[in-house]
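Shown next: work35.csv, given as CSV, C-alpha atoms.
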chain,number,residue,atom,x,y,z
A,1,THR,CA,0.7,69.2,38.3
A,2,HIS,CA,3.3,70.5,40.7
A,3,PRO,CA,6.1,68.0,41.5
A,4,ASP,CA,6.5,67.1,45.2
A,5,PRO,CA,10.0,68.5,46.2
A,6,ALA,CA,10.2,66.1,49.1
A,7,ARG,CA,9.6,63.0,47.0
A,8,PRO,CA,11.1,63.1,43.5
A,9,GLY,CA,9.0,61.0,41.1
A,10,TYR,CA,5.8,62.0,42.8
A,11,SER,CA,3.4,65.0,42.2
A,12,ARG,CA,1.0,66.9,44.3
A,13,GLY,CA,-2.0,65.5,42.5
A,14,PHE,CA,-4.8,63.0,43.0
A,15,ASP,CA,-7.4,60.9,41.2
A,16,LEU,CA,-10.7,59.7,42.7
A,17,LEU,CA,-11.8,56.3,41.4
A,18,PHE,CA,-15.3,55.0,41.5
A,19,ARG,CA,-16.0,51.4,40.5
A,20,GLY,CA,-12.7,51.3,38.7
A,21,LEU,CA,-13.1,54.5,36.7
A,22,GLU,CA,-11.4,57.8,37.3
A,23,LEU,CA,-14.1,60.4,38.1
A,24,VAL,CA,-12.1,63.3,39.5
A,25,SER,CA,-8.6,64.4,38.9
A,26,GLY,CA,-6.9,67.3,40.6
A,27,GLY,CA,-3.9,68.8,42.4
A,28,GLN,CA,-1.6,71.7,42.9
A,29,ARG,CA,-0.8,73.4,39.6
A,30,LEU,CA,2.6,74.8,38.5
A,31,HIS,CA,2.6,78.5,39.1
A,32,ARG,CA,6.2,79.7,38.4
A,33,TYR,CA,7.1,80.8,34.9
A,34,GLU,CA,10.6,79.3,35.2
A,35,ASP,CA,9.1,75.9,36.2
A,36,TYR,CA,7.0,75.9,33.0
A,37,LEU,CA,10.0,76.7,30.9
A,38,ALA,CA,12.0,73.9,32.5
A,39,VAL,CA,9.2,71.3,32.0
A,40,LEU,CA,8.7,72.3,28.3
A,41,ALA,CA,12.5,72.1,27.7
A,42,GLU,CA,12.6,68.7,29.5
A,43,ARG,CA,9.9,67.4,27.1
A,44,GLY,CA,11.5,68.9,24.0
A,45,LEU,CA,8.7,71.4,23.4
A,46,SER,CA,9.1,75.0,22.2
A,47,ALA,CA,7.9,77.7,24.6
A,48,ASP,CA,6.9,79.7,21.5
A,49,SER,CA,4.0,77.3,21.1
A,50,PHE,CA,2.7,78.2,24.5
A,51,THR,CA,3.2,81.9,24.5
A,52,GLY,CA,-0.4,82.9,25.2
A,53,TYR,CA,-0.7,80.5,28.1
A,54,LEU,CA,2.7,81.4,29.6
A,55,GLU,CA,2.1,85.2,29.6
A,56,ALA,CA,0.1,85.2,32.8
A,57,PHE,CA,2.9,83.3,34.6
A,58,LYS,CA,5.5,85.9,33.6
A,59,HIS,CA,3.8,88.5,35.8
A,60,GLY,CA,3.3,86.3,38.8
A,61,MET,CA,0.7,83.7,39.8
A,62,PRO,CA,-0.1,82.6,43.3
A,63,PRO,CA,0.1,78.9,44.2
A,64,HIS,CA,-3.2,77.4,43.2
A,65,GLY,CA,-4.9,74.1,42.6
A,66,GLY,CA,-8.1,72.6,41.4
A,67,PHE,CA,-10.0,69.6,40.3
A,68,ALA,CA,-12.4,68.5,37.6
A,69,ILE,CA,-15.2,65.9,37.7
A,70,GLY,CA,-16.3,63.8,34.8
A,71,LEU,CA,-20.0,64.0,35.2
A,72,GLU,CA,-20.7,61.7,32.3
A,73,ARG,CA,-18.3,59.1,33.7
A,74,TRP,CA,-20.0,59.3,37.1
A,75,VAL,CA,-23.5,58.8,35.6
A,76,ALA,CA,-22.2,56.0,33.4
A,77,ARG,CA,-20.9,54.1,36.4
A,78,LEU,CA,-24.0,54.8,38.4
A,79,VAL,CA,-26.4,53.4,35.8
A,80,GLU,CA,-23.9,50.8,34.7
A,81,ALA,CA,-24.0,51.9,31.1
A,82,PRO,CA,-21.8,49.7,28.9
A,83,ASN,CA,-20.5,52.8,27.0
A,84,ILE,CA,-20.0,56.4,28.2
A,85,ARG,CA,-21.5,57.7,25.0
A,86,GLU,CA,-24.9,56.6,26.4
A,87,THR,CA,-24.6,59.1,29.2
A,88,THR,CA,-23.1,62.0,27.1
A,89,LEU,CA,-25.4,64.6,25.5
A,90,PHE,CA,-23.1,65.2,22.5
A,91,PRO,CA,-20.5,62.4,22.3
A,92,ARG,CA,-17.4,63.1,20.2
A,93,ASP,CA,-15.0,60.7,18.6
A,94,LEU,CA,-12.7,60.6,15.5
A,95,THR,CA,-15.7,60.6,13.1
A,96,ARG,CA,-18.1,62.9,15.0
A,97,LEU,CA,-17.0,66.4,16.1
A,98,THR,CA,-20.2,68.3,15.9
A,99,PRO,CA,-23.7,67.4,17.4

Show me the file's structure as structure tokens.
Amino acid sequence: THPDPARPGYSRGFDLLFRGLELVSGGQRLHRYEDYLAVLAERGLSADSFTGYLEAFKHGMPPHGGFAIGLERWVARLVEAPNIRETTLFPRDLTRLTP
């Protein structure tokens, strides 16, 4: 998520909560190649591990944003399911990776 230049320590992102659970997460994304390199270096990560992803940003990317909704989370809260696995078609965990 893009940092907010006017307020260090904040980002241009948001979360939408419903009955105490995050359903939607979104915000403005980083779009400058140099910004990605700086963030990776700040976190001690090698840019080589992200070469495929970073390629698009080398050639220019317009400012952009987006969001994603957790449909299973929303349904689980709506029907008050005790566990999200009850509203997920193919739940995954440490011991189950395939349907």

Worksheet entry | Nearest-residue call for Leu23 (chain A), choices A:Glu86, A:Arg73, A:Leu78, A:Asp35, using all atoms listed in the file | A:Arg73

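The smallest atom-to-atom distance between Thr87 (chain A) and any of A:Gly70, A:Gly44, A:Gly60, A:Gly13, using all atoms listed in the file, is found for A:Gly70.
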
Worksheet entry | Residue contacts of Phe50 (chain A) (12 Å, all atoms listed in the file) excluding same-chain residues fewer than 4 positions away, as a VMD selection string | chain A and resid 33 36 to 37 40 to 41 45 to 46 54 to 57

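Using all atoms listed in the file for every distance, the candidate list A:Glu34, A:Asp15, A:Glu22, A:Asp4 yields A:Glu22 as the residue closest to Glu72 (chain A).
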
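Distances here use only C-alpha atoms; by that measure, the residue among A:Ala38, A:Leu21, A:Ala47, A:Met61 closest to Glu80 (chain A) is A:Leu21.
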
Item to complete: Can you work out which one of A:Thr1, A:Ser11, A:Thr95, A:Thr88 has the shortest atom-to-atom distance to Leu71 (chain A), counting all atoms listed in the file?
Response: A:Thr88

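Going from CA of Ala6 (chain A) over to CA of Val24 (chain A), you cover 24.4 Å.
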
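Separating CA of Ala81 (chain A) from CA of Leu17 (chain A) is a distance of 16.6 Å.
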
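Picture a line from CA of Lys58 (chain A) to CA of Arg43 (chain A); it runs 20.1 Å.
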
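If you measure from each of A:His31, A:His59, A:Arg19, A:Arg96 to Val79 (chain A) using all atoms listed in the file, the closest one turns out to be A:Arg19.
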
Discussion item. Show me the residues around (-1.2, 74.0, 40.5) - criterion: an atom at most 8 Å away, only C-alpha atoms counted - as a PyMOL selection string.
Written reply: chain A and resi 1-2+27-31+63-66

Because some atoms of region 41-52 of chain A are absent here, can you restore all heavy atoms and send them as a CSV table (one decimal), in the coordinates of the input?
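Written output follows (part08.csv):
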chain,number,residue,atom,x,y,z
A,41,ALA,N,11.2,72.4,28.2
A,41,ALA,CA,12.5,72.1,27.7
A,41,ALA,C,12.8,70.6,27.9
A,41,ALA,O,13.3,69.9,27.1
A,41,ALA,CB,13.6,72.9,28.3
A,42,GLU,N,12.4,70.1,29.1
A,42,GLU,CA,12.6,68.7,29.5
A,42,GLU,C,11.9,67.8,28.5
A,42,GLU,O,12.4,66.7,28.2
A,42,GLU,CB,12.1,68.5,30.9
A,42,GLU,CG,12.3,67.1,31.4
A,42,GLU,CD,11.7,67.0,32.8
A,42,GLU,OE1,12.2,67.7,33.7
A,42,GLU,OE2,10.8,66.2,33.0
A,43,ARG,N,10.8,68.2,28.0
A,43,ARG,CA,9.9,67.4,27.1
A,43,ARG,C,10.2,67.7,25.6
A,43,ARG,O,9.5,67.2,24.8
A,43,ARG,CB,8.5,67.6,27.4
A,43,ARG,CG,8.2,67.1,28.8
A,43,ARG,CD,6.7,67.2,29.2
A,43,ARG,NE,6.6,66.7,30.6
A,43,ARG,CZ,5.5,66.8,31.3
A,43,ARG,NH1,4.4,67.4,30.8
A,43,ARG,NH2,5.4,66.3,32.5
A,44,GLY,N,11.2,68.6,25.4
A,44,GLY,CA,11.5,68.9,24.0
A,44,GLY,C,10.5,69.7,23.3
A,44,GLY,O,10.4,69.7,22.0
A,45,LEU,N,9.7,70.5,24.0
A,45,LEU,CA,8.7,71.4,23.4
A,45,LEU,C,9.2,72.8,23.4
A,45,LEU,O,9.9,73.3,24.3
A,45,LEU,CB,7.4,71.3,24.2
A,45,LEU,CG,6.8,69.9,24.2
A,45,LEU,CD1,5.6,69.9,25.3
A,45,LEU,CD2,6.3,69.5,22.9
A,46,SER,N,8.8,73.6,22.4
A,46,SER,CA,9.1,75.0,22.2
A,46,SER,C,8.2,75.8,23.1
A,46,SER,O,7.0,75.7,22.9
A,46,SER,CB,9.1,75.4,20.8
A,46,SER,OG,9.2,76.8,20.7
A,47,ALA,N,8.7,76.7,23.8
A,47,ALA,CA,7.9,77.7,24.6
A,47,ALA,C,7.1,78.6,23.7
A,47,ALA,O,6.1,79.1,24.1
A,47,ALA,CB,8.8,78.5,25.6
A,48,ASP,N,7.6,78.8,22.5
A,48,ASP,CA,6.9,79.7,21.5
A,48,ASP,C,5.5,79.1,21.3
A,48,ASP,O,4.5,79.9,21.0
A,48,ASP,CB,7.6,79.8,20.2
A,48,ASP,CG,9.0,80.5,20.4
A,48,ASP,OD1,9.1,81.3,21.3
A,48,ASP,OD2,9.9,80.3,19.5
A,49,SER,N,5.3,77.8,21.3
A,49,SER,CA,4.0,77.3,21.1
A,49,SER,C,3.0,77.5,22.2
A,49,SER,O,1.8,77.3,22.0
A,49,SER,CB,4.1,75.8,20.8
A,49,SER,OG,4.9,75.5,19.8
A,50,PHE,N,3.5,78.0,23.3
A,50,PHE,CA,2.7,78.2,24.5
A,50,PHE,C,2.7,79.6,25.0
A,50,PHE,O,2.3,79.9,26.1
A,50,PHE,CB,3.1,77.2,25.7
A,50,PHE,CG,3.1,75.8,25.3
A,50,PHE,CD1,4.1,75.1,24.7
A,50,PHE,CD2,1.9,75.0,25.6
A,50,PHE,CE1,4.1,73.8,24.4
A,50,PHE,CE2,1.8,73.7,25.3
A,50,PHE,CZ,2.9,73.1,24.7
A,51,THR,N,3.1,80.5,24.1
A,51,THR,CA,3.2,81.9,24.5
A,51,THR,C,2.0,82.5,25.2
A,51,THR,O,2.1,83.1,26.2
A,51,THR,CB,3.6,82.8,23.3
A,51,THR,OG1,4.8,82.2,22.7
A,51,THR,CG2,3.8,84.2,23.7
A,52,GLY,N,0.8,82.3,24.6
A,52,GLY,CA,-0.4,82.9,25.2
A,52,GLY,C,-0.7,82.4,26.6
A,52,GLY,O,-1.1,83.2,27.4
